[in-house]
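**Q** Handing over protein37.cif, mmCIF, C-alpha atoms and all ligand atoms.
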data_my_file
#
loop_
_atom_site.label_atom_id
_atom_site.label_comp_id
_atom_site.auth_asym_id
_atom_site.auth_seq_id
_atom_site.Cartn_x
_atom_site.Cartn_y
_atom_site.Cartn_z
CA MET N 4 -113.75 -45.85 -47.84
CA ALA N 5 -116.11 -48.36 -49.42
CA ASP N 6 -119.37 -46.79 -48.17
CA ILE N 7 -118.66 -43.27 -49.47
CA ARG N 8 -118.15 -42.64 -53.17
CA ARG N 9 -114.73 -41.07 -53.35
CA ILE N 10 -113.05 -40.05 -56.55
CA ALA N 11 -109.31 -40.44 -56.76
CA LEU N 12 -107.08 -38.85 -59.37
CA VAL N 13 -103.65 -40.46 -59.62
CA THR N 14 -101.38 -38.57 -61.99
CA GLY N 15 -99.17 -40.73 -64.21
CA SER N 16 -101.01 -43.91 -63.25
CA GLY N 17 -100.90 -45.95 -66.45
CA ARG N 18 -97.75 -47.67 -65.22
CA GLY N 19 -95.24 -47.90 -62.37
CA ILE N 20 -96.02 -46.74 -58.84
CA GLY N 21 -99.06 -44.77 -60.03
CA ARG N 22 -100.62 -47.92 -61.45
CA ALA N 23 -100.16 -49.80 -58.16
CA VAL N 24 -101.68 -46.83 -56.29
CA ALA N 25 -104.68 -46.85 -58.66
CA PHE N 26 -105.20 -50.58 -57.96
CA ALA N 27 -104.88 -50.11 -54.21
CA LEU N 28 -107.40 -47.25 -54.08
CA ALA N 29 -109.82 -49.06 -56.42
CA LYS N 30 -109.64 -52.13 -54.15
CA ARG N 31 -110.73 -49.89 -51.28
CA GLY N 32 -113.77 -48.67 -53.21
CA ALA N 33 -112.67 -45.37 -54.79
CA ALA N 34 -113.62 -44.49 -58.36
CA ILE N 35 -110.33 -43.93 -60.16
CA ALA N 36 -109.30 -41.30 -62.68
CA ILE N 37 -106.23 -42.71 -64.40
CA ASN N 38 -104.09 -39.97 -65.90
CA TYR N 39 -101.41 -40.56 -68.53
CA SER N 40 -99.50 -38.32 -70.92
CA ARG N 41 -98.05 -40.68 -73.59
CA SER N 42 -98.56 -44.30 -72.50
CA GLU N 43 -102.13 -44.79 -73.71
CA THR N 44 -101.89 -48.57 -74.09
CA ALA N 45 -100.60 -48.99 -70.54
CA ALA N 46 -103.33 -46.68 -69.20
CA LYS N 47 -106.03 -48.69 -71.01
CA GLU N 48 -104.61 -51.97 -69.63
CA THR N 49 -104.59 -50.55 -66.11
CA ALA N 50 -108.19 -49.40 -66.45
CA GLU N 51 -109.28 -52.74 -67.90
CA ARG N 52 -107.73 -54.63 -64.97
CA ILE N 53 -109.47 -52.39 -62.46
CA ILE N 54 -112.81 -52.73 -64.22
CA SER N 55 -112.42 -56.52 -64.56
CA CYS N 56 -112.04 -56.67 -60.74
CA GLY N 57 -115.32 -54.76 -60.33
CA GLY N 58 -113.80 -51.29 -59.92
CA ASP N 59 -114.88 -47.99 -61.42
CA CYS N 60 -112.21 -46.37 -63.55
CA HIS N 61 -111.90 -43.80 -66.37
CA ILE N 62 -108.77 -42.71 -68.22
CA PHE N 63 -107.80 -39.11 -68.95
CA GLN N 64 -104.94 -37.95 -71.15
CA ALA N 65 -103.24 -34.76 -69.96
CA ASP N 66 -99.76 -33.37 -69.56
CA VAL N 67 -100.07 -32.31 -65.93
CA SER N 68 -97.14 -29.91 -66.18
CA LYS N 69 -99.35 -27.62 -68.31
CA SER N 70 -101.74 -25.30 -66.51
CA ASP N 71 -104.48 -25.30 -69.18
CA GLU N 72 -104.37 -29.12 -69.48
CA VAL N 73 -104.71 -29.48 -65.70
CA ARG N 74 -107.78 -27.21 -65.69
CA GLY N 75 -109.30 -29.25 -68.52
CA LEU N 76 -108.44 -32.52 -66.75
CA PHE N 77 -110.28 -31.51 -63.57
CA GLN N 78 -113.29 -30.31 -65.58
CA ARG N 79 -113.49 -33.62 -67.47
CA ILE N 80 -113.15 -35.68 -64.28
CA LYS N 81 -115.87 -33.62 -62.58
CA SER N 82 -118.32 -34.12 -65.42
CA ASP N 83 -117.54 -37.86 -65.91
CA LEU N 84 -117.09 -38.97 -62.29
CA GLY N 85 -117.57 -36.07 -59.87
CA PRO N 86 -115.20 -33.81 -57.93
CA VAL N 87 -111.81 -35.22 -56.98
CA SER N 88 -111.61 -36.01 -53.26
CA ILE N 89 -108.28 -37.90 -53.31
CA LEU N 90 -105.38 -36.51 -55.31
CA VAL N 91 -102.13 -38.43 -55.67
CA ASN N 92 -99.42 -36.32 -57.30
CA ASN N 93 -97.35 -39.16 -58.67
CA ALA N 94 -96.22 -38.24 -62.21
CA GLY N 95 -92.48 -37.76 -62.29
CA ILE N 96 -89.40 -37.91 -64.48
CA THR N 97 -85.63 -37.89 -64.16
CA ARG N 98 -83.10 -36.06 -66.36
CA ASP N 99 -79.86 -36.96 -64.59
CA ALA N 100 -76.51 -35.24 -65.13
CA ILE N 101 -73.74 -33.91 -62.93
CA LEU N 102 -74.36 -30.25 -62.20
CA VAL N 103 -71.92 -28.71 -64.67
CA ARG N 104 -73.36 -30.82 -67.49
CA MET N 105 -76.99 -30.24 -66.55
CA LYS N 106 -78.78 -28.36 -69.32
CA ASP N 107 -81.29 -25.61 -68.60
CA GLU N 108 -84.06 -27.76 -70.08
CA ASP N 109 -83.07 -30.75 -67.87
CA TRP N 110 -83.62 -28.52 -64.85
CA ARG N 111 -86.83 -26.93 -66.11
CA GLU N 112 -88.51 -30.13 -67.36
CA VAL N 113 -87.94 -31.91 -64.05
CA LEU N 114 -89.07 -28.98 -61.90
CA SER N 115 -92.03 -28.38 -64.17
CA LEU N 116 -93.41 -31.93 -63.92
CA ASN N 117 -92.22 -33.11 -60.50
CA LEU N 118 -93.04 -29.91 -58.61
CA GLU N 119 -95.12 -27.44 -60.61
CA ALA N 120 -97.61 -30.10 -61.77
CA ALA N 121 -98.27 -30.96 -58.11
CA PHE N 122 -98.93 -27.28 -57.40
CA LEU N 123 -101.28 -26.99 -60.41
CA CYS N 124 -103.25 -30.15 -59.55
CA THR N 125 -103.42 -29.37 -55.83
CA ARG N 126 -104.69 -25.85 -56.53
CA GLU N 127 -107.51 -27.29 -58.63
CA ALA N 128 -108.33 -30.07 -56.17
CA VAL N 129 -108.42 -28.26 -52.83
CA ARG N 130 -111.32 -25.94 -53.77
CA GLU N 131 -113.81 -28.83 -53.97
CA MET N 132 -112.17 -30.71 -51.09
CA ALA N 133 -112.52 -27.71 -48.80
CA ARG N 134 -116.15 -27.27 -49.88
CA ALA N 135 -116.83 -30.95 -49.08
CA ARG N 136 -114.88 -30.68 -45.80
CA TRP N 137 -113.01 -33.85 -46.74
CA GLY N 138 -109.97 -34.34 -48.92
CA ARG N 139 -106.67 -36.12 -49.24
CA VAL N 140 -103.61 -34.96 -51.14
CA ILE N 141 -100.65 -37.33 -51.27
CA ASN N 142 -97.43 -36.20 -52.92
CA VAL N 143 -94.98 -38.79 -54.18
CA SER N 144 -91.61 -37.36 -53.23
CA SER N 145 -88.44 -39.42 -52.83
CA VAL N 146 -85.81 -40.23 -50.22
CA VAL N 147 -83.35 -38.26 -52.34
CA GLY N 148 -85.49 -35.18 -51.65
CA LEU N 149 -84.46 -35.71 -48.02
CA ILE N 150 -80.80 -36.66 -48.41
CA GLY N 151 -79.74 -35.53 -51.92
CA ASN N 152 -78.04 -37.58 -54.62
CA PRO N 153 -75.10 -36.77 -56.90
CA GLY N 154 -76.19 -36.38 -60.53
CA GLN N 155 -79.77 -35.55 -59.56
CA ALA N 156 -79.70 -31.91 -58.41
CA ASN N 157 -82.82 -31.14 -60.47
CA TYR N 158 -84.72 -34.24 -59.29
CA CYS N 159 -83.71 -33.83 -55.62
CA ALA N 160 -84.65 -30.12 -55.66
CA SER N 161 -88.06 -30.99 -57.12
CA LYS N 162 -88.68 -33.72 -54.55
CA ALA N 163 -87.52 -31.51 -51.65
CA GLY N 164 -89.77 -28.74 -53.01
CA LEU N 165 -92.72 -31.14 -52.85
CA LEU N 166 -92.16 -31.47 -49.10
CA GLY N 167 -92.42 -27.69 -48.65
CA LEU N 168 -95.59 -27.68 -50.75
CA THR N 169 -96.96 -30.56 -48.64
CA LYS N 170 -96.39 -28.81 -45.32
CA SER N 171 -97.67 -25.41 -46.45
CA VAL N 172 -100.91 -26.72 -47.97
CA ALA N 173 -101.36 -29.01 -44.94
CA ARG N 174 -101.25 -25.90 -42.73
CA GLU N 175 -103.63 -23.96 -45.01
CA TYR N 176 -106.31 -26.63 -45.34
CA GLY N 177 -106.09 -28.73 -42.17
CA MET N 178 -109.06 -26.99 -40.59
CA ARG N 179 -111.26 -27.89 -43.58
CA GLY N 180 -110.84 -31.65 -43.22
CA VAL N 181 -108.18 -31.82 -45.92
CA THR N 182 -104.91 -33.60 -45.17
CA VAL N 183 -101.78 -33.24 -47.26
CA ASN N 184 -98.97 -35.75 -46.82
CA ALA N 185 -96.01 -37.10 -48.74
CA VAL N 186 -94.45 -40.48 -49.27
CA ALA N 187 -90.73 -40.72 -49.91
CA PRO N 188 -90.01 -43.96 -51.74
CA GLY N 189 -86.50 -45.35 -51.82
CA TRP N 190 -85.45 -47.63 -54.62
CA ILE N 191 -88.57 -49.09 -56.21
CA GLU N 192 -88.54 -51.50 -59.17
CA THR N 193 -90.21 -49.63 -62.06
CA ASP N 194 -89.27 -48.41 -65.55
CA MET N 195 -87.61 -45.41 -63.84
CA THR N 196 -85.01 -47.62 -62.14
CA ALA N 197 -84.85 -50.43 -64.73
CA SER N 198 -81.84 -48.97 -66.53
CA LEU N 199 -79.65 -48.59 -63.42
CA LYS N 200 -76.21 -50.16 -63.91
CA PRO N 201 -75.63 -53.46 -62.00
CA GLU N 202 -72.86 -51.90 -59.87
CA ILE N 203 -75.19 -49.06 -58.79
CA ARG N 204 -77.94 -51.56 -57.98
CA GLU N 205 -75.48 -53.59 -55.89
CA ALA N 206 -74.29 -50.50 -54.00
CA MET N 207 -77.87 -49.40 -53.36
CA LEU N 208 -78.85 -52.83 -52.11
CA LYS N 209 -76.07 -52.67 -49.50
CA SER N 210 -77.63 -49.47 -48.12
CA VAL N 211 -81.10 -51.01 -47.68
CA PRO N 212 -81.58 -52.87 -44.37
CA ALA N 213 -84.52 -54.75 -45.91
CA ALA N 214 -81.96 -56.16 -48.41
CA ARG N 215 -84.32 -55.91 -51.37
CA PRO N 216 -85.60 -53.24 -53.70
CA GLY N 217 -89.14 -52.02 -53.05
CA LEU N 218 -92.14 -52.88 -55.18
CA PRO N 219 -94.75 -50.37 -56.39
CA GLU N 220 -97.23 -52.13 -54.08
CA ASP N 221 -95.05 -51.25 -51.06
CA VAL N 222 -95.63 -47.57 -51.82
CA ALA N 223 -99.26 -48.05 -52.82
CA SER N 224 -100.31 -49.51 -49.47
CA VAL N 225 -98.92 -46.48 -47.60
CA VAL N 226 -100.64 -44.09 -50.03
CA ALA N 227 -103.91 -46.00 -49.53
CA PHE N 228 -103.58 -45.62 -45.76
CA LEU N 229 -102.95 -41.86 -46.08
CA ALA N 230 -106.04 -41.64 -48.33
CA SER N 231 -108.25 -43.37 -45.77
CA ASP N 232 -110.47 -42.06 -42.97
CA GLU N 233 -108.14 -43.80 -40.51
CA ALA N 234 -105.39 -41.31 -41.43
CA SER N 235 -107.49 -38.20 -40.72
CA TYR N 236 -105.13 -37.01 -37.95
CA VAL N 237 -101.97 -37.49 -40.04
CA ASN N 238 -101.20 -34.19 -41.73
CA GLY N 239 -98.12 -32.55 -43.24
CA GLN N 240 -96.03 -35.70 -42.78
CA THR N 241 -93.53 -37.49 -44.96
CA ILE N 242 -93.44 -41.27 -44.72
CA ALA N 243 -90.33 -42.90 -46.13
CA VAL N 244 -91.03 -46.20 -47.90
CA ASP N 245 -87.45 -47.29 -48.38
CA GLY N 246 -86.79 -50.52 -46.49
CA GLY N 247 -84.95 -48.50 -43.84
CA MET N 248 -82.51 -46.86 -46.27
CA THR N 249 -82.65 -43.36 -44.76
CA MET N 250 -84.15 -43.41 -41.25
CA VAL N 251 -84.08 -39.60 -41.01
P1 LIG N 301 -92.23 -44.46 -64.14
O1 LIG N 301 -92.45 -45.92 -64.12
O2 LIG N 301 -91.19 -43.88 -65.03
O3 LIG N 301 -93.63 -43.74 -64.39
C1 LIG N 301 -93.72 -42.35 -64.52
C2 LIG N 301 -95.17 -41.99 -64.71
O4 LIG N 301 -95.24 -40.55 -64.88
C3 LIG N 301 -95.77 -42.62 -65.96
O5 LIG N 301 -97.05 -43.10 -65.68
C4 LIG N 301 -95.85 -41.44 -66.93
O6 LIG N 301 -96.93 -41.54 -67.84
C5 LIG N 301 -96.07 -40.28 -65.99
N1 LIG N 301 -95.77 -39.00 -66.62
C6 LIG N 301 -94.59 -38.58 -67.14
N2 LIG N 301 -94.72 -37.36 -67.67
C7 LIG N 301 -96.02 -36.98 -67.46
C8 LIG N 301 -96.77 -35.82 -67.75
N3 LIG N 301 -96.20 -34.76 -68.35
N4 LIG N 301 -98.08 -35.78 -67.42
C9 LIG N 301 -98.67 -36.86 -66.81
N5 LIG N 301 -98.00 -37.99 -66.51
C10 LIG N 301 -96.70 -38.05 -66.82
O7 LIG N 301 -91.84 -43.94 -62.68
P2 LIG N 301 -92.20 -44.50 -61.24
O8 LIG N 301 -90.99 -45.14 -60.72
O9 LIG N 301 -93.49 -45.22 -61.25
O10 LIG N 301 -92.34 -43.11 -60.48
C11 LIG N 301 -93.57 -42.60 -60.00
C12 LIG N 301 -93.26 -41.50 -59.01
O11 LIG N 301 -92.48 -42.06 -57.93
C13 LIG N 301 -92.40 -40.38 -59.60
O12 LIG N 301 -92.81 -39.14 -59.08
C14 LIG N 301 -91.01 -40.73 -59.11
O13 LIG N 301 -90.19 -39.58 -59.04
C15 LIG N 301 -91.32 -41.29 -57.75
N6 LIG N 301 -90.27 -42.14 -57.20
C16 LIG N 301 -89.88 -43.28 -57.83
C17 LIG N 301 -88.86 -44.03 -57.26
C18 LIG N 301 -88.37 -45.30 -57.88
O14 LIG N 301 -87.36 -45.86 -57.40
N7 LIG N 301 -89.01 -45.83 -58.92
C19 LIG N 301 -88.25 -43.64 -56.07
C20 LIG N 301 -88.68 -42.47 -55.46
C21 LIG N 301 -89.69 -41.73 -56.03
P3 LIG N 301 -96.70 -41.51 -69.46
O15 LIG N 301 -95.85 -42.71 -69.75
O16 LIG N 301 -98.08 -41.57 -70.00
O17 LIG N 301 -95.98 -40.22 -69.76
#
Would you mind writing the structure in this file as structure tokens?
Ligand code: NAP

**A**
Amino acid sequence: MADIRRIALVTGSGRGIGRAVAFALAKRGAAIAINYSRSETAAKETAERIISCGGDCHIFQADVSKSDEVRGLFQRIKSDLGPVSILVNNAGITRDAILVRMKDEDWREVLSLNLEAAFLCTREAVREMARARWGRVINVSSVVGLIGNPGQANYCASKAGLLGLTKSVAREYGMRGVTVNAVAPGWIETDMTASLKPEIREAMLKSVPAARPGLPEDVASVVAFLASDEASYVNGQTIAVDGGMTMV
């Protein structure tokens, strides 16, 4: 990757898994567009760390669940850095509740960010990728999109939906040198999982053959591989990064 200037947009990359992905891609020579919606301080810190290691990095505020903001985001990245050639749809939220207590807005907010934002960003990105005959789209799904989880019907539906999006766009754009793949992380230590109750953490740990929670870097290294030239014949796939939790 280092000899070609590639521009990577990682949505929601001020913190968590997105931040680790931004570091991993920067280390491999990509110019990084950090996107955040509210965590400006974290986004600035992430950018500063990348720049202090000799990387090229700009930050862009946008709520990627909004169509007009996504259009504006891609325009700003193009004029500041160039067209996006690597897109990592990472931004995600949870709004957990058992089904009968799940509010309409819990459902809509989760679907809107976790699934629709990926559609909006991918639609913007693939035009230029197809023109350049090279592109990588990596969707951050989840193991629960494969196996389901009580209390997360909205989240699991969004993450399963991402896999359908992945496979369809992979089929549409494969012949233009664009690959579209997904990663399905298991339990990864980030803000998203920090508030899990100790008994849930203990139960989850028992289901992980690796006997430890994952780190954002565990996911980032797989994303970096999928973004590389070496992965050019990997298309429409989902790679679980879960310490062996699912093995589906
Ligand atoms: P996190 O630490 O809670 O980070 C979520 C990220 O999403 C933040 O950077 C946040 O930025 C961003 N975001 C939220 N709303 C946004 C919006 N409207 N527009 C743009 N960015 C927005 O979560 P994480 O654990 O790193 O999760 C990253 C991805 O991995 C998610 O898609 C998640 O579903 C998936 N995942 C996580 C786990 C896990 O165990 N942690 C497991 C499987 C899958 P702001 O703070 O600026 O809003």

**Q** Let me have the centre and edge lengths of the axis-aligned box enclosing all listed atoms of ligand LIG 301 (chain N) with 5 Å padding on every side, in Å to one decimal, as AutoDock Vina command-line options.

**A**
--center_x -93.0 --center_y -40.3 --center_z -62.7 --size_x 21.3 --size_y 21.2 --size_z 24.5

**Q** Kindly compile the residues surrounding ligand LIG 301 (chain N) within 7 Å, counting all atoms listed in the file, and format them as an MDAnalysis selection string.

**A** chainID N and resid 14:21 38:43 65:68 93:96 116:117 143:146 187:196

**Q** Just give me the gap between CA of Leu114 in chain N and CA of Ala197 in chain N in Å, one decimal is fine.

**A**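 If I compute the distance from CA of Leu114 in chain N to CA of Ala197 in chain N, I get 22.0 Å.
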
**Q** My list of candidates is N:Asp221, N:Thr125, N:His61, N:Cys56. Which is closest to Ile37 in chain N when distances are computed with only C-alpha atoms?

**A** N:His61

**Q** With distances taken over only C-alpha atoms, which of N:Lys106, N:Arg204, N:Arg111, N:Arg139 is nearest to Arg9 in chain N?

**A**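 Of N:Lys106, N:Arg204, N:Arg111, N:Arg139, the one nearest Arg9 in chain N, counting only C-alpha atoms, is N:Arg139.
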
**Q** Hey, which of N:Pro212, N:Thr182, N:Ile203, N:Asn92 ends up closest to Glu233 in chain N? Count only C-alpha atoms.

**A**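 Comparing N:Pro212, N:Thr182, N:Ile203, N:Asn92 against Glu233 in chain N, the winner is N:Thr182.
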
**Q** Counting all atoms listed in the file, which residues have an atom no more than 10 Å from (-84.5, -51.4, -43.3) in the file's coordinates? Please list them as a list in words.

**A**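 Within the cut-off we find Ser210, Val211, Pro212, Ala213, Ala214, Arg215, Val244, Asp245, Gly246, Gly247, Met248, Thr249 and Met250 of chain N.
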
**Q** Which residue out of N:Gly217, N:Gly85, N:Gly138, N:Gly167 has the minimum interatomic distance to Gly180 in chain N when all atoms listed in the file are used?

**A** N:Gly138

**Q** Just checking: using all atoms listed in the file, which residue out of N:Lys30, N:Glu112, N:Ala45, N:Val186 ends up closest to Gly57 in chain N?

**A**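 Smallest separation from Gly57 in chain N among the options: N:Lys30.
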